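Student: So here's data33.txt (compact mmCIF, C-alpha atoms and all ligand atoms).
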```txt
# COMPACT_ATOMS: atom_id res chain seq x y z
CA MET A 160 0.00 0.00 0.00
CA ASN A 161 2.72 2.48 0.97
CA LYS A 162 5.14 1.56 -1.82
CA PHE A 163 5.53 4.08 -4.66
CA ASP A 164 7.92 4.59 -7.58
CA ALA A 165 8.46 8.20 -6.49
CA ILE A 166 7.62 10.40 -3.50
CA VAL A 167 7.56 14.20 -3.51
CA VAL A 168 7.75 16.06 -0.21
CA GLY A 169 6.10 19.50 -0.49
CA GLY A 170 2.92 20.47 -2.31
CA GLY A 171 4.02 23.96 -3.42
CA ILE A 172 4.50 24.66 -7.10
CA VAL A 173 7.92 22.99 -7.27
CA GLY A 174 6.57 19.81 -5.68
CA LEU A 175 3.50 19.84 -7.93
CA ALA A 176 5.56 20.41 -11.09
CA THR A 177 7.86 17.57 -10.01
CA ALA A 178 4.86 15.29 -9.43
CA ALA A 179 3.49 16.24 -12.87
CA ALA A 180 6.82 15.33 -14.53
CA LEU A 181 6.98 12.01 -12.65
CA HIS A 182 3.38 11.21 -13.54
CA LYS A 183 4.15 11.92 -17.21
CA GLN A 184 6.91 9.31 -17.01
CA GLY A 185 4.37 6.82 -15.74
CA ALA A 186 5.78 6.70 -12.20
CA LYS A 187 3.39 5.81 -9.38
CA THR A 188 3.76 9.02 -7.39
CA LEU A 189 2.86 10.23 -3.89
CA VAL A 190 2.95 13.89 -2.74
CA ILE A 191 3.22 14.60 0.99
CA GLU A 192 2.27 18.14 2.06
CA LYS A 193 2.36 19.17 5.70
CA ASN A 194 -0.53 21.64 5.50
CA ALA A 195 -4.14 20.99 4.54
CA PHE A 196 -3.31 22.93 1.34
CA ALA A 197 -0.23 24.81 0.10
CA THR A 198 0.22 28.01 2.13
CA GLY A 199 3.80 29.00 1.22
CA ALA A 200 5.25 31.27 -1.46
CA THR A 201 3.19 29.44 -4.11
CA VAL A 202 -0.08 31.01 -2.93
CA ARG A 203 1.41 34.38 -1.94
CA ASN A 204 2.93 35.58 -5.21
CA PHE A 205 1.86 37.71 -8.17
CA GLY A 206 1.10 34.74 -10.39
CA MET A 207 3.47 36.17 -12.94
CA LEU A 208 5.11 33.66 -15.26
CA TRP A 209 7.90 36.00 -16.27
CA PRO A 210 10.45 34.59 -18.75
CA ILE A 211 11.51 38.14 -19.59
CA GLY A 212 13.27 38.33 -16.19
CA GLN A 213 15.69 35.49 -16.98
CA THR A 214 19.15 35.96 -18.42
CA LEU A 215 19.40 35.10 -22.11
CA GLY A 216 20.68 31.60 -22.83
CA GLU A 217 20.12 28.58 -20.61
CA MET A 218 17.90 30.26 -18.00
CA ARG A 219 15.71 31.87 -20.63
CA ASP A 220 15.42 28.46 -22.35
CA ILE A 221 14.33 26.80 -19.09
CA ALA A 222 11.77 29.57 -18.50
CA MET A 223 10.36 29.24 -22.03
CA ARG A 224 10.14 25.46 -21.72
CA SER A 225 8.48 25.95 -18.35
CA ARG A 226 5.98 28.29 -20.05
CA GLU A 227 5.12 25.52 -22.55
CA LEU A 228 4.57 23.03 -19.75
CA TRP A 229 2.51 25.54 -17.76
CA LEU A 230 0.27 26.08 -20.79
CA GLU A 231 -0.06 22.32 -21.27
CA ASN A 232 -1.14 21.87 -17.65
CA LEU A 233 -3.36 24.96 -17.39
CA SER A 234 -5.22 24.31 -20.65
CA GLY A 235 -5.29 20.56 -20.07
CA HIS A 236 -6.94 20.95 -16.66
CA GLY A 237 -9.13 24.00 -17.40
CA ILE A 238 -7.32 26.26 -14.89
CA TRP A 239 -7.66 30.04 -15.41
CA PHE A 240 -4.72 31.87 -16.98
CA ASN A 241 -4.18 34.91 -19.14
CA GLU A 242 -1.62 35.27 -21.94
CA CYS A 243 -1.30 38.94 -21.03
CA GLY A 244 2.35 39.71 -21.89
CA SER A 245 4.27 42.42 -20.03
CA LEU A 246 5.02 46.12 -20.26
CA HIS A 247 8.19 47.65 -18.79
CA LEU A 248 7.29 51.34 -18.67
CA ALA A 249 9.75 54.20 -19.17
CA TYR A 250 9.04 57.61 -17.66
CA ALA A 251 12.66 58.81 -17.82
CA ALA A 252 15.23 58.88 -20.63
CA ASP A 253 17.68 56.64 -18.74
CA GLU A 254 14.96 54.00 -18.22
CA TYR A 255 14.10 54.13 -21.91
CA ALA A 256 17.82 53.73 -22.76
CA VAL A 257 18.12 50.49 -20.74
CA LEU A 258 15.00 49.03 -22.32
CA GLU A 259 16.11 49.98 -25.83
CA GLU A 260 19.52 48.42 -25.21
CA TYR A 261 17.93 45.25 -23.85
CA VAL A 262 15.68 44.96 -26.90
CA ARG A 263 18.79 45.15 -29.10
CA ILE A 264 20.60 42.48 -27.06
CA ALA A 265 17.60 40.14 -26.88
CA ALA A 266 17.24 40.28 -30.68
CA ASP A 267 13.76 38.76 -30.59
CA PRO A 268 11.35 40.48 -33.00
CA GLU A 269 8.48 39.84 -30.53
CA ILE A 270 10.18 41.91 -27.82
CA ARG A 271 10.07 45.53 -28.91
CA MET A 272 9.74 49.15 -27.88
CA LEU A 273 6.32 50.78 -28.07
CA THR A 274 5.50 54.45 -28.48
CA PRO A 275 3.45 56.10 -25.69
CA GLU A 276 0.32 55.79 -27.85
CA GLU A 277 0.93 52.07 -28.50
CA THR A 278 1.61 51.55 -24.79
CA MET A 279 -1.66 53.24 -23.80
CA GLN A 280 -3.51 51.02 -26.25
CA LYS A 281 -2.18 47.95 -24.44
CA SER A 282 -2.99 49.36 -20.99
CA ARG A 283 -5.63 52.11 -20.88
CA PRO A 284 -5.48 52.96 -17.14
CA LEU A 285 -1.78 53.99 -17.28
CA ARG A 286 -0.67 57.51 -16.44
CA GLN A 287 0.07 59.15 -19.76
CA ASP A 288 1.88 62.27 -18.45
CA GLY A 289 5.60 61.81 -18.94
CA LEU A 290 5.31 58.35 -20.49
CA LEU A 291 8.14 57.93 -22.99
CA GLY A 292 7.21 54.42 -24.12
CA ALA A 293 7.55 50.82 -22.98
CA MET A 294 9.17 47.50 -23.73
CA TRP A 295 6.53 44.98 -24.78
CA SER A 296 7.02 41.23 -24.43
CA PRO A 297 4.19 38.84 -25.37
CA TYR A 298 5.53 35.81 -23.48
CA GLU A 299 4.44 36.52 -19.90
CA LEU A 300 1.43 34.67 -18.51
CA CYS A 301 -0.75 35.31 -15.49
CA VAL A 302 -2.15 32.64 -13.18
CA ASP A 303 -4.06 33.21 -9.95
CA PRO A 304 -1.79 31.87 -7.20
CA ARG A 305 -4.70 31.48 -4.82
CA ILE A 306 -6.42 28.87 -6.92
CA THR A 307 -3.74 27.44 -9.19
CA ALA A 308 -1.94 25.15 -6.75
CA SER A 309 -5.11 23.58 -5.35
CA LYS A 310 -6.62 23.12 -8.82
CA LEU A 311 -3.38 21.60 -10.11
CA ALA A 312 -3.21 19.26 -7.12
CA GLY A 313 -6.85 18.28 -7.73
CA ALA A 314 -6.16 17.59 -11.41
CA LEU A 315 -3.08 15.50 -10.63
CA GLU A 316 -5.02 13.56 -8.02
CA SER A 317 -7.80 12.84 -10.54
CA SER A 318 -5.23 11.51 -12.97
CA GLY A 319 -3.74 9.09 -10.44
CA VAL A 320 -1.12 10.94 -8.36
CA GLU A 321 -1.72 10.27 -4.66
CA PHE A 322 -1.68 13.06 -2.07
CA ARG A 323 -1.37 13.06 1.69
CA PHE A 324 -2.21 16.56 2.96
CA GLY A 325 -1.77 17.58 6.58
CA ARG A 326 1.23 15.23 7.02
CA SER A 327 4.73 16.47 7.71
CA ALA A 328 7.62 14.36 6.42
CA THR A 329 9.84 13.91 9.45
CA HIS A 330 12.60 11.79 7.94
CA VAL A 331 13.84 11.06 4.43
CA GLY A 332 16.50 8.51 3.53
CA GLU A 333 17.35 5.01 2.35
CA GLY A 334 14.32 4.83 0.11
CA ARG A 335 11.92 5.81 2.89
CA VAL A 336 9.88 8.84 3.88
CA ALA A 337 8.53 8.86 7.42
CA THR A 338 5.58 10.89 8.65
CA VAL A 339 4.29 10.92 12.18
CA ASP A 340 1.85 8.05 11.54
CA ALA A 341 3.10 6.16 8.48
CA ASP A 342 6.16 5.21 6.45
CA PHE A 343 6.30 5.27 2.65
CA THR A 344 8.92 3.78 0.37
CA ALA A 345 10.13 4.69 -3.12
CA GLU A 346 13.28 4.42 -5.23
CA ARG A 347 13.17 8.12 -6.05
CA ILE A 348 12.42 10.83 -3.48
CA TYR A 349 12.25 14.55 -4.29
CA VAL A 350 12.18 17.04 -1.42
CA CYS A 351 10.71 20.46 -2.36
CA PRO A 352 10.33 22.25 1.00
CA GLY A 353 10.37 25.89 -0.16
CA ALA A 354 12.00 28.33 2.24
CA ASP A 355 11.20 26.19 5.27
CA SER A 356 14.57 25.65 6.89
CA ASP A 357 13.38 23.81 10.01
CA GLY A 358 12.20 20.61 8.39
CA VAL A 359 13.37 17.97 5.92
CA GLY A 360 15.78 19.40 3.31
CA GLY A 361 15.98 22.80 5.01
CA LYS A 362 19.42 22.31 6.58
CA GLU A 363 20.93 21.05 3.32
CA LEU A 364 19.56 24.04 1.37
CA ALA A 365 20.79 26.46 4.04
CA ASP A 366 24.23 24.80 4.08
CA ALA A 367 24.34 25.16 0.27
CA GLY A 368 23.87 28.92 0.69
CA MET A 369 20.10 29.46 0.42
CA GLU A 370 19.03 32.79 1.92
CA LYS A 371 15.51 33.77 2.92
CA VAL A 372 13.83 36.87 1.53
CA ARG A 373 10.61 38.40 2.89
CA LEU A 374 8.30 40.42 0.63
CA GLN A 375 5.31 42.64 1.44
CA MET A 376 2.32 42.37 -0.91
CA LEU A 377 -1.11 43.94 -1.38
CA ARG A 378 -4.28 43.05 -3.22
CA ALA A 379 -6.50 45.79 -4.64
CA VAL A 380 -10.04 45.77 -5.98
CA PRO A 381 -10.82 48.20 -8.83
CA ASN A 382 -13.72 50.63 -8.33
CA ASP A 383 -15.01 49.79 -11.79
CA ALA A 384 -15.69 46.14 -12.65
CA SER A 385 -14.58 46.69 -16.26
CA TYR A 386 -11.11 48.00 -15.21
CA GLN A 387 -8.38 46.10 -17.08
CA ILE A 388 -4.63 46.77 -16.96
CA GLY A 389 -4.15 44.61 -20.07
CA ALA A 390 -0.65 43.31 -19.29
CA HIS A 391 1.66 42.74 -16.33
CA LEU A 392 3.07 46.17 -15.47
CA CYS A 393 6.35 47.39 -14.04
CA ALA A 394 8.52 50.50 -14.34
CA GLY A 395 12.07 51.86 -13.85
CA LEU A 396 12.84 50.37 -10.41
CA THR A 397 12.29 46.86 -11.78
CA LEU A 398 15.23 47.31 -14.15
CA LEU A 399 17.56 47.15 -11.11
CA HIS A 400 15.98 43.95 -9.91
CA TYR A 401 16.06 41.30 -12.63
CA ARG A 402 19.27 39.72 -13.87
CA ASN A 403 18.29 40.08 -17.55
CA PHE A 404 19.21 43.79 -17.59
CA ARG A 405 22.68 43.28 -16.08
CA ASP A 406 24.34 43.08 -19.50
CA CYS A 407 23.08 46.56 -20.44
CA ALA A 408 25.86 49.17 -20.17
CA SER A 409 23.17 51.84 -19.74
CA LEU A 410 22.03 50.23 -16.45
CA GLY A 411 24.95 51.80 -14.50
CA PRO A 412 23.83 55.44 -14.89
CA LEU A 413 20.19 54.52 -14.16
CA ARG A 414 21.22 52.65 -11.01
CA ALA A 415 23.35 55.60 -9.86
CA ARG A 416 20.41 58.01 -10.29
CA LEU A 417 17.87 55.81 -8.54
CA VAL A 418 20.24 55.02 -5.64
CA ASP A 419 20.77 58.76 -5.22
CA GLU A 420 17.12 59.82 -5.60
CA MET A 421 15.30 56.94 -3.90
CA PRO A 422 17.29 55.79 -0.84
CA ASP A 423 14.16 54.52 0.98
CA TYR A 424 13.33 52.28 -1.95
CA MET A 425 16.87 50.91 -2.00
CA GLU A 426 16.83 50.29 1.76
CA HIS A 427 13.68 48.16 1.51
CA GLY A 428 14.51 46.57 -1.86
CA ILE A 429 11.29 47.92 -3.35
CA HIS A 430 10.35 47.64 -6.99
CA VAL A 431 6.76 47.65 -8.14
CA LEU A 432 4.92 45.03 -10.18
CA VAL A 433 1.20 44.70 -10.89
CA SER A 434 -0.74 41.66 -12.11
CA GLN A 435 -4.48 41.22 -12.62
CA HIS A 436 -6.44 38.03 -12.08
CA GLY A 437 -9.62 36.51 -13.49
CA ASP A 438 -11.80 38.10 -10.79
CA GLY A 439 -10.44 41.57 -11.72
CA SER A 440 -8.39 41.97 -8.54
CA LEU A 441 -4.84 43.33 -8.74
CA THR A 442 -1.80 41.95 -6.94
CA LEU A 443 0.69 44.69 -6.03
CA GLY A 444 4.15 44.60 -4.49
CA ASP A 445 6.87 44.30 -3.42
CA SER A 446 9.75 44.82 -0.99
CA HIS A 447 12.77 42.59 -0.23
CA HIS A 448 14.15 42.09 3.27
CA TYR A 449 16.83 39.49 3.83
CA GLY A 450 16.74 36.90 6.65
CA PRO A 451 17.44 34.51 8.20
CA HIS A 452 14.96 35.91 10.75
CA PHE A 453 12.11 38.34 10.24
CA ALA A 454 9.89 40.36 12.56
CA PRO A 455 6.34 39.03 12.27
CA TYR A 456 4.98 42.53 11.51
CA SER A 457 4.43 44.30 8.22
CA SER A 458 5.56 47.90 7.82
CA GLU A 459 2.94 50.44 6.78
CA ALA A 460 5.77 52.73 5.63
CA VAL A 461 6.92 50.07 3.15
CA ASP A 462 3.36 49.65 1.79
CA ASP A 463 3.10 53.44 1.44
CA LEU A 464 6.33 53.54 -0.58
CA ILE A 465 5.03 50.77 -2.87
CA LEU A 466 1.76 52.63 -3.42
CA GLU A 467 3.49 56.00 -3.95
CA TYR A 468 5.70 54.54 -6.65
CA LEU A 469 2.78 52.69 -8.22
CA ASP A 470 0.85 55.96 -8.44
CA ARG A 471 3.58 57.35 -10.69
CA PHE A 472 2.44 55.01 -13.46
CA LEU A 473 -0.98 53.64 -12.42
CA PRO A 474 -3.36 56.08 -10.69
CA THR A 475 -4.20 54.48 -7.36
CA GLU A 476 -7.52 56.29 -6.90
CA SER A 477 -9.00 53.72 -9.31
CA PHE A 478 -8.91 50.93 -6.72
CA SER A 479 -8.95 50.23 -3.01
CA ILE A 480 -6.69 47.97 -0.99
CA ALA A 481 -8.49 44.82 0.11
CA GLN A 482 -5.71 42.66 1.61
CA ARG A 483 -2.10 42.76 2.76
CA TRP A 484 0.23 39.84 3.42
CA ASP A 485 3.83 38.83 3.28
CA GLY A 486 5.67 35.91 1.74
CA VAL A 487 9.10 34.35 2.05
CA TYR A 488 11.11 32.67 -0.65
CA GLY A 489 14.51 31.01 -0.63
CA LYS A 490 17.20 32.16 -3.01
CA HIS A 491 20.87 31.59 -3.64
CA PRO A 492 23.10 34.66 -4.09
CA ILE A 493 24.57 33.28 -7.33
CA GLU A 494 22.78 30.13 -8.51
CA PRO A 495 19.29 30.56 -10.03
CA PHE A 496 18.15 27.41 -8.19
CA LEU A 497 19.59 24.49 -6.21
CA VAL A 498 19.37 20.76 -6.97
CA LEU A 499 21.10 18.71 -4.28
CA ASP A 500 21.58 14.95 -4.58
CA THR A 501 22.09 14.07 -0.94
CA GLU A 502 22.19 10.28 -1.26
CA PRO A 503 21.29 7.79 -4.01
CA GLY A 504 17.61 8.32 -4.87
CA VAL A 505 17.15 11.50 -2.81
CA THR A 506 17.13 14.93 -4.47
CA ILE A 507 16.32 18.29 -2.88
CA ILE A 508 15.04 21.05 -5.18
CA GLY A 509 14.84 24.61 -3.89
CA ALA A 510 15.98 28.23 -3.82
CA LEU A 511 14.19 29.19 -7.04
CA GLY A 512 13.98 32.73 -5.65
CA GLY A 513 11.54 35.25 -7.07
CA ALA A 514 11.14 33.21 -10.24
CA GLY A 515 9.91 29.95 -8.75
CA MET A 516 6.53 30.07 -10.47
CA THR A 517 8.17 30.94 -13.78
CA LEU A 518 10.82 28.21 -13.60
CA SER A 519 9.01 25.45 -11.70
CA PHE A 520 7.87 23.22 -14.56
CA GLY A 521 11.07 23.66 -16.57
CA VAL A 522 13.35 22.89 -13.62
CA ALA A 523 11.23 19.95 -12.48
CA GLU A 524 11.24 18.37 -15.94
CA ARG A 525 15.03 18.68 -16.19
CA VAL A 526 15.60 17.16 -12.77
CA VAL A 527 13.14 14.30 -13.17
CA ASN A 528 14.35 13.42 -16.68
CA ARG A 529 18.06 13.28 -15.78
CA GLY A 530 19.69 10.01 -16.77
C1 LIG B 601 5.52 37.47 -2.29
C2 LIG B 601 6.11 36.63 -3.39
C3 LIG B 601 5.88 36.97 -4.72
C4 LIG B 601 6.42 36.16 -5.74
N1 LIG B 601 6.07 36.41 -7.04
C5 LIG B 601 6.43 35.52 -8.00
C6 LIG B 601 5.93 35.64 -9.32
O1 LIG B 601 5.05 36.45 -9.61
N2 LIG B 601 6.45 34.82 -10.28
C7 LIG B 601 7.37 33.87 -9.99
O2 LIG B 601 7.85 33.19 -10.91
N3 LIG B 601 7.76 33.64 -8.71
C8 LIG B 601 7.31 34.44 -7.72
N4 LIG B 601 7.70 34.24 -6.43
C9 LIG B 601 8.54 33.08 -6.13
C10 LIG B 601 7.71 31.80 -6.06
O3 LIG B 601 6.47 32.04 -5.45
C11 LIG B 601 8.50 30.75 -5.27
O4 LIG B 601 9.81 30.63 -5.78
C12 LIG B 601 7.81 29.39 -5.38
O5 LIG B 601 6.45 29.49 -5.05
C13 LIG B 601 8.51 28.38 -4.49
O6 LIG B 601 7.77 27.19 -4.58
P1 LIG B 601 8.13 25.97 -3.64
O7 LIG B 601 7.21 24.86 -4.01
O8 LIG B 601 9.61 25.74 -3.69
O9 LIG B 601 7.86 26.51 -2.17
P2 LIG B 601 6.50 26.68 -1.33
O10 LIG B 601 5.44 27.34 -2.09
O11 LIG B 601 6.90 27.33 -0.04
O12 LIG B 601 6.04 25.20 -1.07
C14 LIG B 601 6.77 24.32 -0.25
C15 LIG B 601 5.77 23.38 0.38
O13 LIG B 601 6.44 22.34 1.05
C16 LIG B 601 5.73 22.05 2.23
N5 LIG B 601 6.66 21.40 3.15
C17 LIG B 601 7.82 21.90 3.64
N6 LIG B 601 8.41 20.99 4.43
C18 LIG B 601 7.61 19.90 4.45
C19 LIG B 601 7.67 18.64 5.11
N7 LIG B 601 8.68 18.31 5.93
N8 LIG B 601 6.67 17.74 4.89
C20 LIG B 601 5.63 18.03 4.08
N9 LIG B 601 5.52 19.23 3.44
C21 LIG B 601 6.49 20.14 3.63
C22 LIG B 601 5.23 23.40 2.72
O14 LIG B 601 4.12 23.28 3.58
C23 LIG B 601 4.90 24.09 1.41
O15 LIG B 601 3.53 23.93 1.05
C24 LIG B 601 7.21 35.04 -5.40
C25 LIG B 601 7.46 34.72 -4.07
C26 LIG B 601 6.88 35.50 -3.05
C27 LIG B 601 7.13 35.13 -1.63
```
Would you mind giving the structure from this file in structure tokens?

Tutor:
Amino acid sequence: MNKFDAIVVGGGIVGLATAAALHKQGAKTLVIEKNAFATGATVRNFGMLWPIGQTLGEMRDIAMRSRELWLENLSGHGIWFNECGSLHLAYAADEYAVLEEYVRIAADPEIRMLTPEETMQKSRPLRQDGLLGAMWSPYELCVDPRITASKLAGALESSGVEFRFGRSATHVGEGRVATVDADFTAERIYVCPGADSDGVGGKELADAGMEKVRLQMLRAVPNDASYQIGAHLCAGLTLLHYRNFRDCASLGPLRARLVDEMPDYMEHGIHVLVSQHGDGSLTLGDSHHYGPHFAPYSSEAVDDLILEYLDRFLPTESFSIAQRWDGVYGKHPIEPFLVLDTEPGVTIIGALGGAGMTLSFGVAERVVNRG
């Protein structure tokens, strides 16, 4: 009864993507999740599948393959998503210069600069004053993190993957996973514990250099039910955040200006992204505070900074704030993710950082399909 081909510990997006890849191989698979449903980073994020943020080359390839697999799973299981694309907005000449340089380097005819008029056509609610244009990419997708993981788990369960929710794996090794009330065996065990450093896999990820990052997030409800932002939105501060822009020589002067003009934003690691879900609500954020330990309180000052910056490109009087929360992800200072083979048949996957949704399916497929 408790014998499987493969066991996955962790029912966040990395565990679910790993289970999906194993199931595709025909492996009899069990997922063990300690909560009644996923409550970690997977349900706390923007739902942005954001290949544009990856460095060109291998990471971009993984993100684009992940996108294909996401689409396969979302369409296959009837889970809501939006092929919305993304706009990086420029309200200053130095921001425009970085975006233009990136478009040249990326050399993909689908990724291009838009005039202010073209930008407004893609996203009507934007602030037009001072808008110099935007970089458009069609590849970004939106999912609703609050429903996606549970729907995906439900779909996998219907197709034969077994789940044990509300069970914490307390020991992994020698082909065995122990929970408080049962033991399970398998030749292949994948541990996907997220940023949780107290349990199984946490020590190994921390020893390999995983850091914890805490983000503050908000959800807003538009005043008008027909309000549509049209695409994922971000602006100048985001250019300092993602690795894809690091090859742009024009990034240096922009960074110097923003560091000088916006010290509060630098102190709290704030850049501002907006996504919109099927029910019309907007997810807004975020800030970045580095662990290992965090105060359990959110800072109103940080939320105010996020909203002030947002108002520079998206008038905030059009919606009201409905919810606030925080989330923690694990990231490595250099590696885009960690795959640790700790003993024969046991692999820990983690530290996918702020791109874990984007990369999940691509990374999981690579790991599961290794020779
Ligand atoms: C605020 C925020 C915004 C983000 N925005 C985006 C975004 O828009 N796009 C993007 O690509 N990425 C984004 N990310 C990153 C992304 O959400 C994470 O990288 C990703 O969700 C990590 O998935 P995971 O499965 O590794 O971890 P988690 O979602 O934390 O899942 C791990 C699961 O393992 C379970 N678990 C742990 N230990 C055990 C155990 N011993 N036994 C059983 N179960 C266990 C936990 O209960 C948990 O459910 C964001 C992250 C945050 C925090």

Student: List every protein, DNA or RNA residue that has at least one atom no more than 12 Å from (-2.5, 26.3, -19.5) in the file's coordinates, counting all atoms listed in the file, and write the result as a list in words.

Tutor: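 Residues with an atom at most 12 Å from (-2.5, 26.3, -19.5): Leu208, Ser225, Arg226, Glu227, Leu228, Trp229, Leu230, Glu231, Asn232, Leu233, Ser234, Gly235, His236, Gly237, Ile238, Trp239, Phe240, Asn241, Glu242, Leu300, Cys301, Val302, Asp303, Thr307, Lys310, Leu311 and Phe520 of chain A.
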
Student: Name all residues at most 6 Å from range 281-297 of chain A (count only C-alpha atoms; drop same-chain ones fewer than 3 positions away) and give them as a PyMOL selection string.

Tutor: chain A and resi 244-250+270-275+278+388-389+472-473

Student: Next, dump the selected residues to file, keeping only C-alpha atoms, as a PDB file, in the frame of the given file.

Tutor:
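Output below, filename again.pdb:
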```pdb
ATOM      1  CA  GLY A 244       2.350  39.710 -21.890  1.00  0.00           C
ATOM      2  CA  SER A 245       4.270  42.420 -20.030  1.00  0.00           C
ATOM      3  CA  LEU A 246       5.020  46.120 -20.260  1.00  0.00           C
ATOM      4  CA  HIS A 247       8.190  47.650 -18.790  1.00  0.00           C
ATOM      5  CA  LEU A 248       7.290  51.340 -18.670  1.00  0.00           C
ATOM      6  CA  ALA A 249       9.750  54.200 -19.170  1.00  0.00           C
ATOM      7  CA  TYR A 250       9.040  57.610 -17.660  1.00  0.00           C
ATOM      8  CA  ILE A 270      10.180  41.910 -27.820  1.00  0.00           C
ATOM      9  CA  ARG A 271      10.070  45.530 -28.910  1.00  0.00           C
ATOM     10  CA  MET A 272       9.740  49.150 -27.880  1.00  0.00           C
ATOM     11  CA  LEU A 273       6.320  50.780 -28.070  1.00  0.00           C
ATOM     12  CA  THR A 274       5.500  54.450 -28.480  1.00  0.00           C
ATOM     13  CA  PRO A 275       3.450  56.100 -25.690  1.00  0.00           C
ATOM     14  CA  THR A 278       1.610  51.550 -24.790  1.00  0.00           C
ATOM     15  CA  ILE A 388      -4.630  46.770 -16.960  1.00  0.00           C
ATOM     16  CA  GLY A 389      -4.150  44.610 -20.070  1.00  0.00           C
ATOM     17  CA  PHE A 472       2.440  55.010 -13.460  1.00  0.00           C
ATOM     18  CA  LEU A 473      -0.980  53.640 -12.420  1.00  0.00           C
TER      19      LEU A 473
END
```

Student: For Val359 in chain A, please output as a list in words all residues within 8 Å (counting all atoms listed in the file; exclusion window: fewer than 2 positions along the same chain).

Tutor: Ala328, Thr329, His330, Val331, Val350, Pro352, Ser356, Asp357, Gly361 and Lys362 of chain A

Student: Generate a file of the selected residues that holds C-alpha atoms, formatted as a CSV table (one decimal), in the coordinates of the input.

Tutor:
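Written file, part-v5.csv:
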```csv
chain,number,residue,atom,x,y,z
A,328,ALA,CA,7.6,14.4,6.4
A,329,THR,CA,9.8,13.9,9.4
A,330,HIS,CA,12.6,11.8,7.9
A,331,VAL,CA,13.8,11.1,4.4
A,350,VAL,CA,12.2,17.0,-1.4
A,352,PRO,CA,10.3,22.2,1.0
A,356,SER,CA,14.6,25.6,6.9
A,357,ASP,CA,13.4,23.8,10.0
A,361,GLY,CA,16.0,22.8,5.0
A,362,LYS,CA,19.4,22.3,6.6
```

Student: Give me, please, the distance in Å between CA of Ile493 in chain A and CA of Gln213 in chain A, quoted to one decimal.

Tutor: 13.3 Å

Student: CA of Phe196 in chain A to CA of His447 in chain A: how many Å, to one decimal?

Tutor: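 CA of Phe196 in chain A sits 25.4 Å away from CA of His447 in chain A.
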
Student: For each of A:Gly509, A:Gly489, A:Gly515, A:Gly353, take the minimum atom-to-atom distance to Trp209 in chain A, counting only C-alpha atoms, then give the residue where this is smallest.

Tutor: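 Residue with the minimum atom-to-atom distance to Trp209 in chain A: A:Gly515.
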
Student: Near Pro304 in chain A, counting all atoms listed in the file, which residues have an atom at most 10 Å away, once you skip same-chain residues fewer than 5 positions from it, shown as a PDB file with C-alpha atoms, keeping the file's coordinate frame?

Tutor:
```pdb
ATOM      1  CA  ILE A 172       4.500  24.660  -7.100  1.00  0.00           C
ATOM      2  CA  ALA A 200       5.250  31.270  -1.460  1.00  0.00           C
ATOM      3  CA  THR A 201       3.190  29.440  -4.110  1.00  0.00           C
ATOM      4  CA  VAL A 202      -0.080  31.010  -2.930  1.00  0.00           C
ATOM      5  CA  ARG A 203       1.410  34.380  -1.940  1.00  0.00           C
ATOM      6  CA  ASN A 204       2.930  35.580  -5.210  1.00  0.00           C
ATOM      7  CA  PHE A 205       1.860  37.710  -8.170  1.00  0.00           C
ATOM      8  CA  GLY A 206       1.100  34.740 -10.390  1.00  0.00           C
ATOM      9  CA  MET A 207       3.470  36.170 -12.940  1.00  0.00           C
ATOM     10  CA  SER A 309      -5.110  23.580  -5.350  1.00  0.00           C
ATOM     11  CA  HIS A 436      -6.440  38.030 -12.080  1.00  0.00           C
ATOM     12  CA  MET A 516       6.530  30.070 -10.470  1.00  0.00           C
TER      13      MET A 516
END
```

Student: Show me as a list in words the residues that reach within 6 Å of (-0.3, 19.1, -1.6), counting all atoms listed in the file and using the file's own coordinates.

Tutor: Gly170, Glu192, Phe196, Ala197 and Phe324 of chain A

Student: I need the chosen residues saved as a short mmCIF file (atom, residue, chain, number, x, y, z; two decimals), in the coordinates of the input, with C-alpha atoms.

Tutor:
```cif
data_model
loop_
_atom_site.label_atom_id
_atom_site.label_comp_id
_atom_site.auth_asym_id
_atom_site.auth_seq_id
_atom_site.Cartn_x
_atom_site.Cartn_y
_atom_site.Cartn_z
CA GLY A 170 2.92 20.47 -2.31
CA GLU A 192 2.27 18.14 2.06
CA PHE A 196 -3.31 22.93 1.34
CA ALA A 197 -0.23 24.81 0.10
CA PHE A 324 -2.21 16.56 2.96
#
```

Student: Hey, can I get the axis-aligned box for ligand LIG 601 (chain B)? All listed atoms, 6 Å padding on each side, centre and edge lengths in Å to one decimal, as JSON.

Tutor:
```
{"center_x": 6.7, "center_y": 27.6, "center_z": -2.5, "size_x": 18.3, "size_y": 31.7, "size_z": 28.8}
```

Student: With only C-alpha atoms and all ligand atoms as the atoms that count, which of A:Pro474, A:Gly512, A:Gly185, A:Pro210 lies nearest to ligand LIG 601 (chain B)?

Tutor: A:Gly512

Student: Counting all atoms listed in the file, which residue out of A:Met376, A:Cys407, A:Ala186, A:Ala251 sits closest to ligand LIG 601 (chain B)?

Tutor: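 Once distances to ligand LIG 601 (chain B) are computed over all atoms listed in the file, the minimum belongs to A:Met376.
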
Student: Find the distance between atom C20 of ligand LIG 601 (chain B) and CA of Ala314 in chain A and write it in Å to one decimal.

Tutor: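 CA of Ala314 in chain A lies at a distance of 19.5 Å from atom C20 of ligand LIG 601 (chain B).
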
Student: Closest to Leu417 in chain A among A:Asp253, A:Arg529, A:Glu333, A:Asn194, using all atoms listed in the file?

Tutor: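 The shortest atom-to-atom distance to Leu417 in chain A comes from A:Asp253.
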
Student: Quick one: residues within 9 Å of Asp445 in chain A, all atoms listed in the file, excluding same-chain residues fewer than 6 positions away - as a ChimeraX atom specification?

Tutor: /A:374-377,428-432,461-462,465
